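Coordinates as given in coords-v5.txt (compact mmCIF, C-alpha atoms and all ligand atoms):
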# COMPACT_ATOMS: atom_id res chain seq x y z
CA MET A 1 8.04 66.93 -3.90
CA ILE A 2 10.87 65.09 -2.19
CA THR A 3 14.23 65.25 -3.92
CA LEU A 4 16.61 62.40 -3.30
CA SER A 5 20.20 63.37 -2.59
CA GLU A 6 23.19 61.73 -4.24
CA GLU A 7 23.66 59.79 -0.98
CA HIS A 8 20.07 58.46 -1.15
CA ARG A 9 20.51 57.44 -4.79
CA MET A 10 23.78 55.66 -4.02
CA LEU A 11 22.19 53.86 -1.09
CA ARG A 12 19.27 52.76 -3.28
CA ALA A 13 21.66 51.43 -5.94
CA MET A 14 23.70 49.58 -3.33
CA VAL A 15 20.71 47.95 -1.59
CA ARG A 16 19.04 47.14 -4.93
CA GLU A 17 22.16 45.30 -6.04
CA PHE A 18 22.25 43.43 -2.72
CA ALA A 19 18.58 42.46 -3.16
CA GLU A 20 19.03 41.40 -6.80
CA LYS A 21 22.28 39.46 -6.34
CA GLU A 22 22.00 38.06 -2.85
CA ILE A 23 18.50 38.24 -1.38
CA LYS A 24 16.45 37.10 -4.38
CA LYS A 25 18.75 34.12 -4.88
CA GLU A 26 17.64 32.51 -1.64
CA SER A 27 14.33 34.17 -0.72
CA GLN A 28 12.01 31.48 -2.11
CA GLU A 29 14.06 28.65 -0.60
CA ASN A 30 14.18 30.37 2.80
CA ASP A 31 10.44 30.88 2.57
CA LYS A 32 9.77 27.23 1.73
CA ALA A 33 12.04 25.95 4.50
CA HIS A 34 10.87 28.61 7.00
CA ARG A 35 14.60 29.25 7.37
CA PHE A 36 15.96 32.35 9.14
CA PRO A 37 18.40 34.00 6.68
CA VAL A 38 21.48 33.98 8.91
CA GLY A 39 23.87 34.92 6.08
CA LEU A 40 21.69 37.76 4.79
CA VAL A 41 21.29 39.21 8.28
CA LYS A 42 25.09 39.18 8.67
CA ARG A 43 25.44 40.89 5.27
CA MET A 44 22.84 43.52 6.24
CA GLY A 45 24.99 44.26 9.28
CA GLU A 46 28.12 44.59 7.11
CA LEU A 47 26.27 46.91 4.71
CA GLY A 48 25.13 49.16 7.55
CA LEU A 49 21.47 48.25 7.14
CA MET A 50 20.79 47.22 10.74
CA GLY A 51 21.09 50.77 12.04
CA VAL A 52 20.55 53.00 9.02
CA ALA A 53 19.38 56.12 10.90
CA ILE A 54 21.36 55.44 14.08
CA PRO A 55 24.32 57.84 14.55
CA GLU A 56 27.77 56.48 13.74
CA GLU A 57 28.92 56.93 17.36
CA TYR A 58 26.42 54.20 18.29
CA GLY A 59 27.46 51.83 15.52
CA GLY A 60 24.89 52.94 12.93
CA SER A 61 25.23 54.38 9.44
CA GLY A 62 24.32 57.91 10.52
CA LEU A 63 21.89 58.41 7.62
CA ASP A 64 18.39 59.88 7.80
CA ASN A 65 14.92 58.34 7.97
CA LEU A 66 14.36 58.78 4.26
CA ALA A 67 17.46 56.66 3.70
CA TYR A 68 16.02 54.10 6.10
CA ALA A 69 12.72 53.99 4.16
CA ILE A 70 14.59 53.56 0.87
CA ALA A 71 16.67 50.73 2.35
CA VAL A 72 13.58 48.90 3.67
CA GLU A 73 11.82 49.36 0.32
CA GLU A 74 14.73 47.84 -1.59
CA VAL A 75 15.33 44.93 0.81
CA SER A 76 11.57 44.23 0.63
CA ARG A 77 11.78 44.07 -3.17
CA GLY A 78 14.01 41.08 -2.54
CA CYS A 79 12.25 39.54 0.46
CA ALA A 80 9.81 40.98 3.00
CA GLY A 81 10.64 38.29 5.57
CA THR A 82 14.23 39.50 5.51
CA SER A 83 13.23 43.16 5.65
CA VAL A 84 11.10 42.77 8.78
CA ILE A 85 14.10 41.38 10.66
CA MET A 86 15.96 44.53 9.65
CA SER A 87 13.10 46.90 10.41
CA VAL A 88 12.58 45.60 13.96
CA ASN A 89 16.28 46.18 14.73
CA ASN A 90 16.20 49.66 13.19
CA SER A 91 12.92 51.22 14.18
CA LEU A 92 11.27 49.20 16.93
CA VAL A 93 14.38 48.72 19.06
CA GLY A 94 17.16 51.00 17.78
CA ASP A 95 14.99 54.12 17.70
CA PRO A 96 13.65 53.91 21.31
CA LEU A 97 17.11 52.99 22.62
CA LEU A 98 18.46 56.09 20.91
CA ARG A 99 15.68 58.35 22.20
CA PHE A 100 15.24 56.99 25.73
CA GLY A 101 18.37 54.95 26.54
CA THR A 102 20.97 55.96 29.11
CA PRO A 103 24.57 56.39 27.83
CA GLU A 104 25.35 52.95 29.31
CA GLN A 105 22.32 51.32 27.65
CA LYS A 106 23.32 52.84 24.31
CA GLN A 107 26.85 51.44 24.58
CA LYS A 108 25.73 48.03 25.77
CA TYR A 109 22.66 47.45 23.58
CA LEU A 110 22.32 50.03 20.81
CA LYS A 111 25.87 49.75 19.47
CA PRO A 112 25.94 45.99 18.79
CA LEU A 113 22.35 46.19 17.50
CA ALA A 114 23.11 48.94 14.98
CA LYS A 115 26.26 47.13 13.84
CA GLY A 116 24.18 44.03 13.18
CA GLU A 117 26.05 41.98 15.77
CA LYS A 118 22.90 41.51 17.82
CA ILE A 119 19.28 40.89 16.90
CA ALA A 120 16.51 42.33 19.02
CA CYS A 121 12.74 42.18 19.46
CA PHE A 122 9.93 44.49 20.62
CA MET A 123 7.54 42.89 23.09
CA LEU A 124 4.30 44.84 23.38
CA SER A 125 1.45 42.58 22.17
CA GLU A 126 -0.07 40.01 24.52
CA PRO A 127 -2.55 37.21 23.84
CA GLN A 128 -5.47 39.41 24.97
CA SER A 129 -3.97 42.76 23.99
CA GLY A 130 -3.22 43.49 20.32
CA SER A 131 -4.81 46.69 19.00
CA ASP A 132 -5.89 47.50 22.57
CA ALA A 133 -2.25 47.86 23.50
CA THR A 134 -2.57 49.77 26.77
CA HIS A 135 -4.30 46.82 28.49
CA GLN A 136 -1.14 45.02 29.50
CA LYS A 137 -1.24 42.02 31.82
CA THR A 138 2.49 41.47 32.12
CA THR A 139 3.64 42.84 35.46
CA ALA A 140 6.95 44.22 36.75
CA GLN A 141 7.21 44.37 40.54
CA LYS A 142 10.01 46.31 42.15
CA LYS A 143 12.01 44.24 44.63
CA GLY A 144 15.17 45.86 45.94
CA HIS A 145 17.29 46.85 42.93
CA GLN A 146 15.40 44.59 40.57
CA TYR A 147 12.08 44.28 38.81
CA ILE A 148 10.39 40.88 38.76
CA LEU A 149 8.59 40.31 35.47
CA ASN A 150 5.70 37.91 34.92
CA GLY A 151 3.53 37.47 31.85
CA THR A 152 3.36 36.39 28.22
CA LYS A 153 4.05 38.36 25.05
CA ASN A 154 2.51 37.34 21.75
CA PHE A 155 3.41 37.38 18.02
CA ILE A 156 6.92 38.63 18.69
CA THR A 157 8.88 39.19 15.49
CA ASN A 158 12.53 38.07 15.89
CA GLY A 159 11.49 36.44 19.20
CA PRO A 160 13.20 33.09 18.54
CA GLN A 161 16.45 34.69 17.32
CA ALA A 162 16.70 37.86 19.41
CA ASP A 163 19.68 38.34 21.74
CA PHE A 164 17.71 40.89 23.73
CA GLY A 165 14.51 42.88 23.55
CA ILE A 166 12.41 45.72 24.87
CA VAL A 167 9.45 44.53 26.93
CA PHE A 168 6.49 46.53 28.24
CA ALA A 169 5.02 45.64 31.64
CA MET A 170 2.73 47.08 34.29
CA THR A 171 4.71 48.60 37.14
CA ASP A 172 1.48 50.04 38.59
CA PRO A 173 -1.69 48.35 37.35
CA SER A 174 -3.85 50.89 39.20
CA GLN A 175 -2.58 53.63 36.85
CA GLY A 176 -3.78 51.96 33.62
CA ALA A 177 -1.86 53.20 30.58
CA LYS A 178 0.25 55.45 32.81
CA GLY A 179 1.32 52.40 34.86
CA VAL A 180 3.26 50.73 32.04
CA SER A 181 7.07 50.81 31.96
CA ALA A 182 9.66 49.58 29.44
CA PHE A 183 12.62 47.30 30.17
CA ILE A 184 15.55 45.85 28.28
CA VAL A 185 15.83 42.10 28.83
CA GLU A 186 18.48 39.69 27.65
CA LYS A 187 17.96 36.20 26.24
CA GLY A 188 19.36 33.66 28.64
CA TRP A 189 18.22 35.45 31.78
CA LYS A 190 16.54 33.12 34.23
CA GLY A 191 12.77 33.21 33.85
CA PHE A 192 12.81 34.63 30.30
CA ARG A 193 12.14 32.07 27.61
CA VAL A 194 10.93 31.72 24.05
CA GLY A 195 7.50 30.08 23.86
CA SER A 196 5.78 28.36 20.97
CA ILE A 197 6.95 29.33 17.49
CA ASP A 198 4.14 30.68 15.30
CA GLU A 199 3.18 29.06 11.98
CA LYS A 200 2.31 31.95 9.69
CA LEU A 201 0.87 32.77 6.26
CA GLY A 202 3.80 34.87 5.06
CA ILE A 203 7.18 36.45 5.93
CA LEU A 204 8.14 32.85 6.61
CA CYS A 205 11.89 33.27 6.93
CA SER A 206 11.44 35.59 9.91
CA GLY A 207 10.83 34.08 13.32
CA THR A 208 7.70 34.86 15.37
CA SER A 209 6.93 33.44 18.80
CA GLN A 210 5.44 33.92 22.21
CA MET A 211 7.84 35.08 24.93
CA HIS A 212 7.36 34.08 28.56
CA PHE A 213 8.41 35.80 31.76
CA ASP A 214 8.27 33.67 34.90
CA ASN A 215 9.69 35.64 37.82
CA CYS A 216 12.36 37.03 35.51
CA GLU A 217 14.75 39.28 37.47
CA VAL A 218 15.59 42.46 35.59
CA PRO A 219 18.20 44.82 37.10
CA GLU A 220 16.82 48.33 37.70
CA GLU A 221 19.41 49.85 35.38
CA ASN A 222 17.58 48.06 32.55
CA LEU A 223 14.49 50.22 32.95
CA LEU A 224 14.20 52.13 29.62
CA GLY A 225 13.05 55.70 30.12
CA LYS A 226 11.18 56.55 33.31
CA VAL A 227 8.73 54.49 35.35
CA GLY A 228 5.27 54.92 33.76
CA GLU A 229 6.65 56.06 30.39
CA GLY A 230 6.18 52.68 28.70
CA ILE A 231 3.11 53.48 26.59
CA LYS A 232 4.59 56.77 25.46
CA ILE A 233 7.76 54.92 24.43
CA ALA A 234 5.76 52.16 22.69
CA PHE A 235 3.38 54.42 20.77
CA SER A 236 5.98 56.98 19.73
CA THR A 237 8.18 54.10 18.55
CA LEU A 238 5.31 52.69 16.49
CA ASP A 239 4.81 56.13 14.89
CA GLY A 240 8.22 55.72 13.28
CA GLY A 241 7.92 51.96 12.78
CA ARG A 242 4.83 52.50 10.64
CA ILE A 243 6.91 54.45 8.11
CA GLY A 244 9.12 51.38 7.82
CA ILE A 245 6.13 49.07 7.27
CA GLY A 246 4.80 51.49 4.63
CA ALA A 247 8.19 51.19 2.93
CA GLN A 248 8.04 47.42 3.24
CA ALA A 249 4.61 47.30 1.59
CA LEU A 250 5.91 49.61 -1.14
CA GLY A 251 8.86 47.29 -1.84
CA ILE A 252 6.67 44.18 -2.02
CA ALA A 253 4.24 45.93 -4.41
CA GLN A 254 7.11 47.22 -6.55
CA ALA A 255 8.49 43.70 -6.93
CA ALA A 256 5.04 42.36 -7.85
CA MET A 257 4.48 45.09 -10.44
CA GLU A 258 7.90 44.55 -12.02
CA ALA A 259 7.16 40.83 -12.31
CA ALA A 260 3.75 41.54 -13.86
CA ILE A 261 5.27 43.92 -16.46
CA THR A 262 7.94 41.40 -17.45
CA TYR A 263 5.36 38.64 -17.76
CA ALA A 264 2.96 40.84 -19.74
CA LYS A 265 5.69 41.32 -22.34
CA GLU A 266 6.73 37.65 -22.50
CA ARG A 267 3.51 35.67 -22.17
CA LYS A 268 1.70 35.09 -25.44
CA GLN A 269 -1.99 34.18 -25.72
CA PHE A 270 -4.23 34.40 -28.77
CA GLY A 271 -1.12 35.01 -30.89
CA ARG A 272 0.21 38.09 -29.07
CA ALA A 273 1.82 39.27 -25.85
CA ILE A 274 -0.81 39.63 -23.14
CA GLY A 275 0.50 43.17 -22.56
CA ASP A 276 -1.11 44.05 -25.92
CA PHE A 277 -4.54 43.56 -24.34
CA GLN A 278 -6.15 46.58 -22.76
CA ALA A 279 -7.36 44.44 -19.84
CA ILE A 280 -3.73 43.90 -18.82
CA GLN A 281 -2.61 47.43 -19.70
CA TRP A 282 -5.16 48.96 -17.37
CA ILE A 283 -4.08 46.73 -14.49
CA LEU A 284 -0.45 47.77 -15.02
CA ALA A 285 -1.37 51.46 -15.34
CA ASP A 286 -3.30 51.36 -12.07
CA MET A 287 -0.42 49.59 -10.33
CA ALA A 288 2.10 52.20 -11.46
CA THR A 289 -0.16 55.06 -10.39
CA SER A 290 -0.82 53.56 -6.96
CA LEU A 291 2.87 52.90 -6.45
CA ASP A 292 3.86 56.48 -7.25
CA ALA A 293 1.26 57.77 -4.76
CA THR A 294 2.48 55.29 -2.13
CA ARG A 295 6.10 56.29 -2.58
CA LEU A 296 5.21 59.96 -2.13
CA LEU A 297 3.32 59.24 1.11
CA VAL A 298 6.06 57.04 2.56
CA TYR A 299 8.90 59.41 1.65
CA GLN A 300 6.89 62.40 2.89
CA ALA A 301 6.42 60.80 6.32
CA ALA A 302 10.14 59.94 6.53
CA ASN A 303 11.01 63.44 5.40
CA LEU A 304 8.83 65.03 8.09
CA LYS A 305 10.59 62.94 10.72
CA ASP A 306 13.96 64.06 9.34
CA GLN A 307 12.88 67.68 9.59
CA GLY A 308 11.85 67.27 13.22
CA LYS A 309 8.21 67.96 12.33
CA PRO A 310 5.21 65.90 13.57
CA TYR A 311 5.05 62.72 11.50
CA ALA A 312 2.69 60.33 13.37
CA ILE A 313 -0.34 61.07 11.18
CA ALA A 314 1.69 61.10 7.97
CA GLY A 315 3.18 57.75 9.02
CA ALA A 316 -0.27 56.29 9.74
CA LYS A 317 -1.53 57.47 6.33
CA ALA A 318 1.56 56.08 4.60
CA LYS A 319 1.21 52.69 6.27
CA LEU A 320 -2.54 52.51 5.67
CA PHE A 321 -2.30 53.42 1.99
CA ALA A 322 0.84 51.41 1.27
CA SER A 323 -0.44 48.21 2.83
CA GLU A 324 -3.80 48.44 1.04
CA VAL A 325 -1.95 49.09 -2.25
CA ALA A 326 0.36 46.15 -1.58
CA MET A 327 -2.63 43.80 -1.23
CA GLU A 328 -4.25 45.16 -4.39
CA VAL A 329 -1.08 45.09 -6.50
CA THR A 330 0.02 41.62 -5.39
CA THR A 331 -3.50 40.26 -5.98
CA ASN A 332 -3.61 41.76 -9.47
CA ALA A 333 -0.07 40.64 -10.26
CA ILE A 334 -1.20 37.05 -9.65
CA GLN A 335 -4.12 37.73 -11.98
CA VAL A 336 -1.74 38.86 -14.73
CA TYR A 337 0.24 35.63 -14.28
CA GLY A 338 -2.94 33.55 -14.30
CA GLY A 339 -2.44 29.96 -13.12
CA TYR A 340 1.33 30.36 -12.93
CA GLY A 341 0.89 33.16 -10.41
CA TYR A 342 -0.88 30.75 -8.09
CA MET A 343 2.01 28.27 -8.14
CA LYS A 344 4.98 28.16 -5.79
CA ASP A 345 7.39 28.01 -8.78
CA TYR A 346 7.02 31.78 -9.13
CA PRO A 347 7.44 34.48 -6.46
CA LEU A 348 3.95 35.99 -6.99
CA GLU A 349 2.12 33.99 -4.36
CA LYS A 350 4.87 34.87 -1.85
CA TYR A 351 4.44 38.59 -2.54
CA PHE A 352 0.69 38.17 -1.92
CA ARG A 353 1.20 36.25 1.35
CA ASP A 354 3.87 38.69 2.56
CA ALA A 355 1.76 41.75 1.70
CA LYS A 356 -1.07 40.67 4.01
CA ILE A 357 0.85 41.19 7.23
CA THR A 358 1.52 44.83 6.36
CA GLN A 359 -2.20 45.49 6.94
CA ILE A 360 -1.92 43.95 10.40
CA TYR A 361 1.35 44.44 12.26
CA GLU A 362 2.53 47.69 13.85
CA GLY A 363 -1.15 48.67 13.95
CA THR A 364 -3.89 47.26 11.72
CA SER A 365 -5.40 49.34 8.91
CA GLU A 366 -8.29 49.99 11.30
CA VAL A 367 -5.92 51.32 13.97
CA GLN A 368 -4.30 53.65 11.40
CA ARG A 369 -7.78 54.95 10.56
CA ILE A 370 -8.43 55.58 14.29
CA VAL A 371 -5.18 57.54 14.55
CA ILE A 372 -5.95 59.57 11.39
CA ALA A 373 -9.62 60.20 12.26
CA ARG A 374 -8.81 61.34 15.81
CA SER A 375 -6.43 63.94 14.41
CA LEU A 376 -9.19 65.23 12.12
CA LEU A 377 -11.81 65.48 14.84
CA LYS A 378 -9.79 66.73 17.80
CA ASP A 379 -10.48 70.25 19.07
N1 LIG B 1 3.10 59.00 21.04
C1 LIG B 1 3.23 59.15 22.38
N2 LIG B 1 2.22 58.97 23.24
C2 LIG B 1 1.03 58.63 22.73
C3 LIG B 1 0.81 58.46 21.35
C4 LIG B 1 1.91 58.67 20.49
N3 LIG B 1 1.80 58.51 19.18
N4 LIG B 1 -0.47 58.11 21.13
C5 LIG B 1 -1.05 58.08 22.33
N5 LIG B 1 -0.16 58.39 23.29
C6 LIG B 1 -0.40 58.45 24.73
C7 LIG B 1 -1.65 59.26 25.03
O1 LIG B 1 -1.35 60.63 25.17
C8 LIG B 1 -2.14 58.63 26.32
O2 LIG B 1 -1.40 59.14 27.41
P1 LIG B 1 -2.07 60.17 28.45
O3 LIG B 1 -3.24 59.44 29.02
O4 LIG B 1 -0.97 60.45 29.40
O5 LIG B 1 -2.47 61.36 27.60
C9 LIG B 1 -1.73 57.16 26.18
O6 LIG B 1 -0.68 57.13 25.19
C10 LIG B 1 -2.87 56.27 25.72
O7 LIG B 1 -3.32 56.81 24.49
P2 LIG B 1 -4.82 56.62 24.00
O8 LIG B 1 -5.76 56.97 25.11
O9 LIG B 1 -4.96 57.35 22.71
O10 LIG B 1 -4.88 55.05 23.77
P3 LIG B 1 -6.01 54.13 23.21
O11 LIG B 1 -6.16 52.98 24.11
O12 LIG B 1 -7.21 54.93 22.86
O13 LIG B 1 -5.34 53.52 21.87
C11 LIG B 1 -4.61 53.21 19.65
C12 LIG B 1 -5.11 54.18 20.75
C13 LIG B 1 -4.28 54.11 18.48
C14 LIG B 1 -5.65 52.20 19.23
C15 LIG B 1 -3.33 52.50 20.17
O14 LIG B 1 -3.64 51.61 21.21
C16 LIG B 1 -2.62 51.72 19.10
O15 LIG B 1 -1.83 52.28 18.34
N6 LIG B 1 -2.84 50.37 19.05
C17 LIG B 1 -2.10 49.51 18.12
C18 LIG B 1 -0.92 48.91 18.77
C19 LIG B 1 0.07 48.42 17.78
O16 LIG B 1 0.40 49.10 16.80
N7 LIG B 1 0.63 47.25 18.06
C20 LIG B 1 1.68 46.72 17.23
C21 LIG B 1 2.47 45.74 18.01
S1 LIG B 1 4.17 45.72 17.62
C22 LIG B 1 4.36 44.91 16.16
O17 LIG B 1 3.43 44.67 15.44
C23 LIG B 1 5.75 44.60 15.81
C24 LIG B 1 5.99 43.57 14.77
O18 LIG B 1 5.45 42.50 14.76
C25 LIG B 1 6.95 43.85 13.70
Can you turn what I pasted into structure tokens?
Amino acid sequence: MITLSEEHRMLRAMVREFAEKEIKKESQENDKAHRFPVGLVKRMGELGLMGVAIPEEYGGSGLDNLAYAIAVEEVSRGCAGTSVIMSVNNSLVGDPLLRFGTPEQKQKYLKPLAKGEKIACFMLSEPQSGSDATHQKTTAQKKGHQYILNGTKNFITNGPQADFGIVFAMTDPSQGAKGVSAFIVEKGWKGFRVGSIDEKLGILCSGTSQMHFDNCEVPEENLLGKVGEGIKIAFSTLDGGRIGIGAQALGIAQAAMEAAITYAKERKQFGRAIGDFQAIQWILADMATSLDATRLLVYQAANLKDQGKPYAIAGAKAKLFASEVAMEVTTNAIQVYGGYGYMKDYPLEKYFRDAKITQIYEGTSEVQRIVIARSLLKD
């Protein structure tokens, strides 16, 4: 059983109020207009949400990973498009910069990122390389004191808005997975440009795009970690990122369940509230049970990371379970709403669309099952 500290409870109350008063007010409009929530991102920076588990000396809030999971859960209750912008800054970029960055890289990139002054992106996927992430085609050739990058990255969250990002590229294609290295690249550098913007099903206020490298010159001091460490950096980063996506799925499902409960009490059919019917009661009971189980898995994974214990498998289980629950709960919440749930006037269809991506990004449900099964079968 995971006990929340006073600090965790205060954080939850603070982020819940932010989600209720500020995020929910504009989430449906931002979704409709596919509008990046500039004001909310600024507010998340002011509230310390862009670097929750980053130490204060690097501009973060200095809290733990459980606090980070709680913050993502609550922001996601308000809007999952907004929460993914936050989670990329925190776990996909902030975390590897903290673990592998040089003191100079931490000052230059981590600090403004954690303060929310800069937005960043994580560039691993390529058009031909999604789940099969070690098969990178982007290359980085050493030339004097620079690396010359060429290639295309795909489905990059925050790509259109990011000030900088971490990119993975082959420094030695003959070495396969061991030939991949990680680099920090800045927007505006010659040869680095945003490609086509993706039209998506959900999380519509967040930006997603291709990113192109055409002979982009990257100074050697922007190598992150050591040459050949790229896949290790990417996969260990995703281990933590998956806890965040589990928390995101949890927050979406929580919002959908709360809406379904409210509606079940208000909506009258056949002369009584639909919540009086056992058909609806059983749906709500199953939702509440699944959500409790999800919360335990997500918090447990975060807690293991906080204790310095192995958390990759717990994170994979949390993400797998949470994202499947999010799809089930959001689907059933629409069912409780009936026709109204299908309409854009209510947030239910948005929860459903947003939930779907949690089964796909930062490793599909199938990839999580590979990770979990390998741990069961290894010698
Ligand atoms: N931490 C550190 N190193 C790890 C690791 C981990 N968790 N898992 C594996 N490695 C190492 C391995 O030890 C191996 O190195 P050695 O050869 O030196 O031992 C190397 O990485 C390759 O590992 P595998 O042989 O296990 O790799 P694989 O090709 O069999 O793939 C996989 C396994 C689980 C399918 C993996 O490729 C994977 O997780 N794929 C999914 C990728 C993914 O999650 N992409 C998400 C993109 S980012 C995103 O979605 C962001 C966003 O939009 C918000």
Contact check, chain A to ligand LIG 1 (chain B), at most 9 Å, counting only C-alpha atoms and all ligand atoms, closest pairs as a tab-separated table:
residue	atom	partner	partner_atom	distance
A:Val84	CA	B:LIG1	C25	6.5
A:Ile85	CA	B:LIG1	C25	8.2
A:Ser87	CA	B:LIG1	C25	7.6
A:Val88	CA	B:LIG1	C25	5.9
A:Leu92	CA	B:LIG1	C23	7.3
A:Cys121	CA	B:LIG1	C23	8.2
A:Phe122	CA	B:LIG1	C23	6.4
A:Met123	CA	B:LIG1	S1	7.0
A:Leu124	CA	B:LIG1	C21	5.7
A:Ser125	CA	B:LIG1	C21	5.3
A:Ser129	CA	B:LIG1	C18	8.6
A:Gly130	CA	B:LIG1	N7	5.8
A:Ser131	CA	B:LIG1	C17	4.0
A:Asp132	CA	B:LIG1	O14	4.9
A:Ala133	CA	B:LIG1	O14	4.6
A:Thr134	CA	B:LIG1	O11	5.5
A:His135	CA	B:LIG1	O11	7.8
A:Phe155	CA	B:LIG1	O18	6.4
A:Ile156	CA	B:LIG1	O18	5.7
A:Thr157	CA	B:LIG1	O18	4.8
A:Asn158	CA	B:LIG1	C25	8.3
A:Gly176	CA	B:LIG1	O3	8.8
A:Ala177	CA	B:LIG1	C10	5.8
A:Lys178	CA	B:LIG1	O4	6.2
A:Thr208	CA	B:LIG1	O18	8.0
A:Glu229	CA	B:LIG1	O4	8.8
A:Gly230	CA	B:LIG1	O6	8.9
A:Ile231	CA	B:LIG1	O6	5.4
A:Lys232	CA	B:LIG1	N2	3.9
A:Ile233	CA	B:LIG1	C1	6.5
A:Ala234	CA	B:LIG1	C1	7.4
A:Phe235	CA	B:LIG1	C4	4.5
A:Ser236	CA	B:LIG1	N1	3.8
A:Thr237	CA	B:LIG1	N1	7.5
A:Leu238	CA	B:LIG1	O16	6.1
A:Asp239	CA	B:LIG1	N3	5.8
A:Gly241	CA	B:LIG1	C25	8.2
A:Arg242	CA	B:LIG1	O16	8.3
A:Ile245	CA	B:LIG1	C25	8.3
A:Ala312	CA	B:LIG1	N3	6.2
A:Ile313	CA	B:LIG1	N3	8.7
A:Ile357	CA	B:LIG1	O18	8.9
A:Ile360	CA	B:LIG1	O17	7.4
A:Tyr361	CA	B:LIG1	O17	3.8
A:Glu362	CA	B:LIG1	O17	3.5
A:Gly363	CA	B:LIG1	O16	3.3
A:Thr364	CA	B:LIG1	O16	6.9
A:Glu366	CA	B:LIG1	C14	8.6
A:Val367	CA	B:LIG1	C14	5.3
A:Gln368	CA	B:LIG1	C13	7.1
A:Arg369	CA	B:LIG1	C13	8.7
A:Ile370	CA	B:LIG1	C13	6.1
A:Val371	CA	B:LIG1	C13	5.3
A:Arg374	CA	B:LIG1	O9	8.9
Would you export the selected residues with C-alpha atoms as an mmCIF file, in the coordinates of the input, please?
data_model
loop_
_atom_site.group_PDB
_atom_site.id
_atom_site.type_symbol
_atom_site.label_atom_id
_atom_site.label_comp_id
_atom_site.auth_asym_id
_atom_site.auth_seq_id
_atom_site.Cartn_x
_atom_site.Cartn_y
_atom_site.Cartn_z
ATOM 1 C CA VAL A 84 11.100 42.770 8.780
ATOM 2 C CA ILE A 85 14.100 41.380 10.660
ATOM 3 C CA SER A 87 13.100 46.900 10.410
ATOM 4 C CA VAL A 88 12.580 45.600 13.960
ATOM 5 C CA LEU A 92 11.270 49.200 16.930
ATOM 6 C CA CYS A 121 12.740 42.180 19.460
ATOM 7 C CA PHE A 122 9.930 44.490 20.620
ATOM 8 C CA MET A 123 7.540 42.890 23.090
ATOM 9 C CA LEU A 124 4.300 44.840 23.380
ATOM 10 C CA SER A 125 1.450 42.580 22.170
ATOM 11 C CA SER A 129 -3.970 42.760 23.990
ATOM 12 C CA GLY A 130 -3.220 43.490 20.320
ATOM 13 C CA SER A 131 -4.810 46.690 19.000
ATOM 14 C CA ASP A 132 -5.890 47.500 22.570
ATOM 15 C CA ALA A 133 -2.250 47.860 23.500
ATOM 16 C CA THR A 134 -2.570 49.770 26.770
ATOM 17 C CA HIS A 135 -4.300 46.820 28.490
ATOM 18 C CA PHE A 155 3.410 37.380 18.020
ATOM 19 C CA ILE A 156 6.920 38.630 18.690
ATOM 20 C CA THR A 157 8.880 39.190 15.490
ATOM 21 C CA ASN A 158 12.530 38.070 15.890
ATOM 22 C CA GLY A 176 -3.780 51.960 33.620
ATOM 23 C CA ALA A 177 -1.860 53.200 30.580
ATOM 24 C CA LYS A 178 0.250 55.450 32.810
ATOM 25 C CA THR A 208 7.700 34.860 15.370
ATOM 26 C CA GLU A 229 6.650 56.060 30.390
ATOM 27 C CA GLY A 230 6.180 52.680 28.700
ATOM 28 C CA ILE A 231 3.110 53.480 26.590
ATOM 29 C CA LYS A 232 4.590 56.770 25.460
ATOM 30 C CA ILE A 233 7.760 54.920 24.430
ATOM 31 C CA ALA A 234 5.760 52.160 22.690
ATOM 32 C CA PHE A 235 3.380 54.420 20.770
ATOM 33 C CA SER A 236 5.980 56.980 19.730
ATOM 34 C CA THR A 237 8.180 54.100 18.550
ATOM 35 C CA LEU A 238 5.310 52.690 16.490
ATOM 36 C CA ASP A 239 4.810 56.130 14.890
ATOM 37 C CA GLY A 241 7.920 51.960 12.780
ATOM 38 C CA ARG A 242 4.830 52.500 10.640
ATOM 39 C CA ILE A 245 6.130 49.070 7.270
ATOM 40 C CA ALA A 312 2.690 60.330 13.370
ATOM 41 C CA ILE A 313 -0.340 61.070 11.180
ATOM 42 C CA ILE A 357 0.850 41.190 7.230
ATOM 43 C CA ILE A 360 -1.920 43.950 10.400
ATOM 44 C CA TYR A 361 1.350 44.440 12.260
ATOM 45 C CA GLU A 362 2.530 47.690 13.850
ATOM 46 C CA GLY A 363 -1.150 48.670 13.950
ATOM 47 C CA THR A 364 -3.890 47.260 11.720
ATOM 48 C CA GLU A 366 -8.290 49.990 11.300
ATOM 49 C CA VAL A 367 -5.920 51.320 13.970
ATOM 50 C CA GLN A 368 -4.300 53.650 11.400
ATOM 51 C CA ARG A 369 -7.780 54.950 10.560
ATOM 52 C CA ILE A 370 -8.430 55.580 14.290
ATOM 53 C CA VAL A 371 -5.180 57.540 14.550
ATOM 54 C CA ARG A 374 -8.810 61.340 15.810
#
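Picture a line from CA of Thr358 in chain A to CA of Ala256 in chain A; it runs 14.8 Å.
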Quick one: everything within 8 Å of range 98-113 of chain A, counting only C-alpha atoms, minus sequence neighbours fewer than 2 positions away in the same chain. Send it as a list in words. Met50, Gly51, Ile54, Tyr58, Gly59, Gly60, Asn89, Gly94, Asp95, Pro96, Lys115, Gly116, Glu117, Lys118, Ile119, Ala120, Asn222, Leu224, Gly225 and Ile233 of chain A
Could you work out how far CA of Ala53 in chain A lies from CA of Tyr351 in chain A, giving the answer in Å with one decimal?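 CA of Tyr351 in chain A sits 26.7 Å away from CA of Ala53 in chain A.
Nearest residue to Phe192 in chain A, choosing from A:Val218, A:Ile252, A:Leu320, A:Cys205 and counting all atoms listed in the file: A:Val218.
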